[in-house]
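Enquirer: Provided herewith: my_file24.cif, mmCIF, C-alpha atoms.
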data_data
loop_
_atom_site.group_PDB
_atom_site.id
_atom_site.type_symbol
_atom_site.label_atom_id
_atom_site.label_comp_id
_atom_site.auth_asym_id
_atom_site.auth_seq_id
_atom_site.Cartn_x
_atom_site.Cartn_y
_atom_site.Cartn_z
ATOM 1 C CA MET A 1150 189.048 24.589 80.255
ATOM 2 C CA ARG A 1151 189.549 22.912 83.609
ATOM 3 C CA VAL A 1152 192.217 20.619 82.181
ATOM 4 C CA ILE A 1153 194.109 23.572 80.710
ATOM 5 C CA ARG A 1154 194.051 25.357 84.068
ATOM 6 C CA TRP A 1155 195.474 22.273 85.835
ATOM 7 C CA LEU A 1156 198.083 21.850 83.113
ATOM 8 C CA ILE A 1157 199.253 25.472 83.407
ATOM 9 C CA GLY A 1158 199.275 25.199 87.212
ATOM 10 C CA GLY A 1159 201.383 22.043 87.021
ATOM 11 C CA VAL A 1160 203.892 23.664 84.667
ATOM 12 C CA VAL A 1161 204.202 26.733 86.907
ATOM 13 C CA PHE A 1162 204.708 24.470 89.935
ATOM 14 C CA LEU A 1163 207.429 22.478 88.208
ATOM 15 C CA VAL A 1164 209.238 25.629 87.065
ATOM 16 C CA LEU A 1165 209.135 27.079 90.583
ATOM 17 C CA LEU A 1166 210.303 23.757 92.051
ATOM 18 C CA LEU A 1167 213.281 23.653 89.688
ATOM 19 C CA VAL A 1168 214.179 27.268 90.509
ATOM 20 C CA ALA A 1169 213.954 26.452 94.208
ATOM 21 C CA LEU A 1170 216.218 23.433 93.841
ATOM 22 C CA GLN A 1171 218.745 25.519 91.907
ATOM 23 C CA ASN A 1172 218.811 28.167 94.703
ATOM 24 C CA ALA A 1173 219.289 25.939 97.736
ATOM 25 C CA ASP A 1174 222.474 27.748 98.846
ATOM 26 C CA LEU A 1175 222.734 28.949 102.432
ATOM 27 C CA VAL A 1176 222.359 32.667 102.981
ATOM 28 C CA THR A 1177 222.816 34.709 106.132
ATOM 29 C CA LEU A 1178 220.012 36.966 107.223
ATOM 30 C CA ARG A 1179 221.188 39.700 109.605
ATOM 31 C CA PHE A 1180 218.957 41.832 111.829
ATOM 32 C CA PHE A 1181 220.789 45.101 112.631
ATOM 33 C CA ASN A 1182 224.013 43.275 113.554
ATOM 34 C CA VAL A 1183 222.247 41.992 116.660
ATOM 35 C CA TRP A 1184 221.064 38.627 115.427
ATOM 36 C CA SER A 1185 221.882 36.574 112.339
ATOM 37 C CA TRP A 1186 220.314 33.490 110.872
ATOM 38 C CA GLU A 1187 221.499 31.090 108.169
ATOM 39 C CA ALA A 1188 218.942 29.307 106.038
ATOM 40 C CA PRO A 1189 218.448 28.225 102.428
ATOM 41 C CA LEU A 1190 217.529 31.064 100.077
ATOM 42 C CA VAL A 1191 214.307 29.315 99.089
ATOM 43 C CA PHE A 1192 213.180 29.176 102.707
ATOM 44 C CA ILE A 1193 213.920 32.874 103.241
ATOM 45 C CA VAL A 1194 211.959 33.828 100.109
ATOM 46 C CA LEU A 1195 209.075 31.575 101.191
ATOM 47 C CA LEU A 1196 208.976 33.241 104.617
ATOM 48 C CA ALA A 1197 209.007 36.704 103.029
ATOM 49 C CA PHE A 1198 206.155 35.689 100.719
ATOM 50 C CA ALA A 1199 204.139 34.246 103.621
ATOM 51 C CA ALA A 1200 204.687 37.422 105.663
ATOM 52 C CA GLY A 1201 203.432 39.520 102.722
ATOM 53 C CA VAL A 1202 200.351 37.352 102.305
ATOM 54 C CA GLY A 1203 199.680 37.573 106.040
ATOM 55 C CA CYS A 1204 199.956 41.376 106.016
ATOM 56 C CA GLY A 1205 197.607 41.560 103.027
ATOM 57 C CA LEU A 1206 195.037 39.309 104.706
ATOM 58 C CA LEU A 1207 195.257 41.333 107.917
ATOM 59 C CA ALA A 1208 194.690 44.580 106.008
ATOM 60 C CA GLY A 1209 191.699 43.023 104.238
ATOM 61 C CA ALA A 1210 190.240 41.767 107.521
ATOM 62 C CA VAL A 1211 190.560 45.222 109.082
ATOM 63 C CA LYS A 1212 188.763 46.778 106.100
ATOM 64 C CA VAL A 1213 185.969 44.171 106.210
ATOM 65 C CA ALA A 1214 185.488 44.750 109.952
ATOM 66 C CA ARG A 1215 185.299 48.525 109.440
ATOM 67 C CA LEU A 1216 182.781 48.172 106.606
ATOM 68 C CA SER A 1217 180.596 45.768 108.594
ATOM 69 C CA ARG A 1218 180.557 48.230 111.522
ATOM 70 C CA GLN A 1219 179.504 51.020 109.140
ATOM 71 C CA LEU A 1220 176.784 48.808 107.652
ATOM 72 C CA ALA A 1221 175.418 47.904 111.097
ATOM 73 C CA LYS A 1222 175.342 51.605 112.083
ATOM 74 C CA ALA A 1223 173.564 52.521 108.829
ATOM 75 C CA ARG A 1224 170.974 49.798 109.426
ATOM 76 C CA ARG A 1225 170.378 51.027 113.004
ATOM 77 C CA ASP A 1226 169.989 54.624 111.775
ATOM 78 C CA HIS A 1227 167.588 53.540 109.057
ATOM 79 C CA ALA A 1228 165.464 51.564 111.507
ATOM 80 C CA ALA A 1229 165.365 54.545 113.906
ATOM 81 C CA ARG A 1230 163.981 56.968 111.296
ATOM 82 C CA ARG A 1231 161.069 54.924 110.066
ATOM 83 C CA VAL A 1232 158.570 57.197 108.296
ATOM 84 C CA PRO A 1233 154.889 56.395 108.935
ATOM 85 C CA PRO A 1234 153.004 55.164 105.878
ATOM 86 C CA PRO A 1235 150.920 57.678 103.911
ATOM 87 C CA ALA A 1236 147.229 58.214 104.613
ATOM 88 C CA PRO A 1237 144.877 55.558 103.244
ATOM 89 C CA HIS A 1238 143.706 57.739 100.360
ATOM 90 C CA GLY A 1239 147.325 58.235 99.297
ATOM 91 C CA ALA A 1240 147.523 62.013 99.650
ATOM 92 C CA THR A 1241 149.503 63.749 102.327
ATOM 93 C CA PRO A 1242 147.787 66.814 103.815
ATOM 94 C CA GLY A 1243 149.056 70.076 102.390
ATOM 95 C CA THR A 1244 150.355 68.672 99.122
ATOM 96 C CA ALA A 1245 147.397 69.494 96.890
ATOM 97 C CA PRO A 1246 147.921 72.362 94.416
ATOM 98 C CA ALA A 1247 147.244 75.834 95.873
ATOM 99 C CA SER A 1248 147.188 74.655 99.473
ATOM 100 C CA GLY A 1249 149.149 75.725 102.486
ATOM 101 C CA PRO A 1250 150.062 79.152 103.913
ATOM 102 C CA GLY A 1251 149.121 82.037 101.618
ATOM 103 C CA PHE A 1252 146.469 80.092 99.722
ATOM 104 C CA GLU A 1253 143.537 80.522 102.143
ATOM 105 C CA PRO A 1254 140.134 80.856 100.499
ATOM 106 C CA PRO A 1255 138.905 84.450 100.126
ATOM 107 C CA THR A 1256 136.545 85.839 102.757
ATOM 108 C CA ASP A 1257 133.635 88.240 102.055
ATOM 109 C CA ALA A 1258 133.843 90.057 105.401
ATOM 110 C CA LEU A 1259 134.300 93.828 105.362
#
Spell out the structure here as structure tokens.

Expert:
Amino acid sequence: MRVIRWLIGGVVFLVLLLVALQNADLVTLRFFNVWSWEAPLVFIVLLAFAAGVGCGLLAGAVKVARLSRQLAKARRDHAARRVPPPAPHGATPGTAPASGPGFEPPTDAL
């Protein structure tokens, strides 16, 4: 499987290299009629690709930073609201059936 992956990668590289060599003509890149730049088409496409990759990595880094801040805040909140462990016998007062307000034992006083 590893050999097939390298073989496919090599073929794709060779095809892209041949396309790049075929498109080595000079092109003019103009920025709002203020500044112009002449460079090979392959170089311009490579710069555009690199700029896109850079923007994608920057967007991913911003998202990771935001998520790590949220995770740190959630951990701080969780540590602040620590609930004490239950009583040693395992029952919490007032949770037995028929206990609490309105379930007082009857009195015989008149």

Enquirer: Distance atom CA of A:Ala1221-atom CA of A:Val1202, one decimal place?

Expert: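 Atom CA of A:Ala1221 sits 28.5 Å away from atom CA of A:Val1202.
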
Enquirer: Can you pull out every residue within 9 Å of A:Ile1193, counting all atoms listed in the file, but drop anything in the same chain fewer than 5 positions away, and send it as a PDB file with C-alpha atoms, in the frame of the given file?

Expert:
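Below is the file around30.pdb, written as the result:
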ATOM      1  CA  VAL A1176     222.359  32.667 102.981  1.00  0.00           C
ATOM      2  CA  LEU A1178     220.012  36.966 107.223  1.00  0.00           C
ATOM      3  CA  ALA A1188     218.942  29.307 106.038  1.00  0.00           C
ATOM      4  CA  PHE A1198     206.155  35.689 100.719  1.00  0.00           C
TER       5      PHE A1198
END

Enquirer: Work out how far atom CA of A:Leu1190 is from atom CA of A:Leu1166, in Å to one decimal.

Expert: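 These atoms are spaced 13.0 Å apart.
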
Enquirer: In Å, rounded to a single decimal, give me how far atom CA of A:Leu1207 is from atom CA of A:Lys1222.

Expert: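 So the answer is 22.8 Å.
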
Enquirer: Could you check which of A:Ala1173, A:Leu1163, A:Ala1228, A:Val1152 is closest to A:Pro1189, using only C-alpha atoms?

Expert: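 For A:Pro1189, the nearest of the candidates is A:Ala1173.
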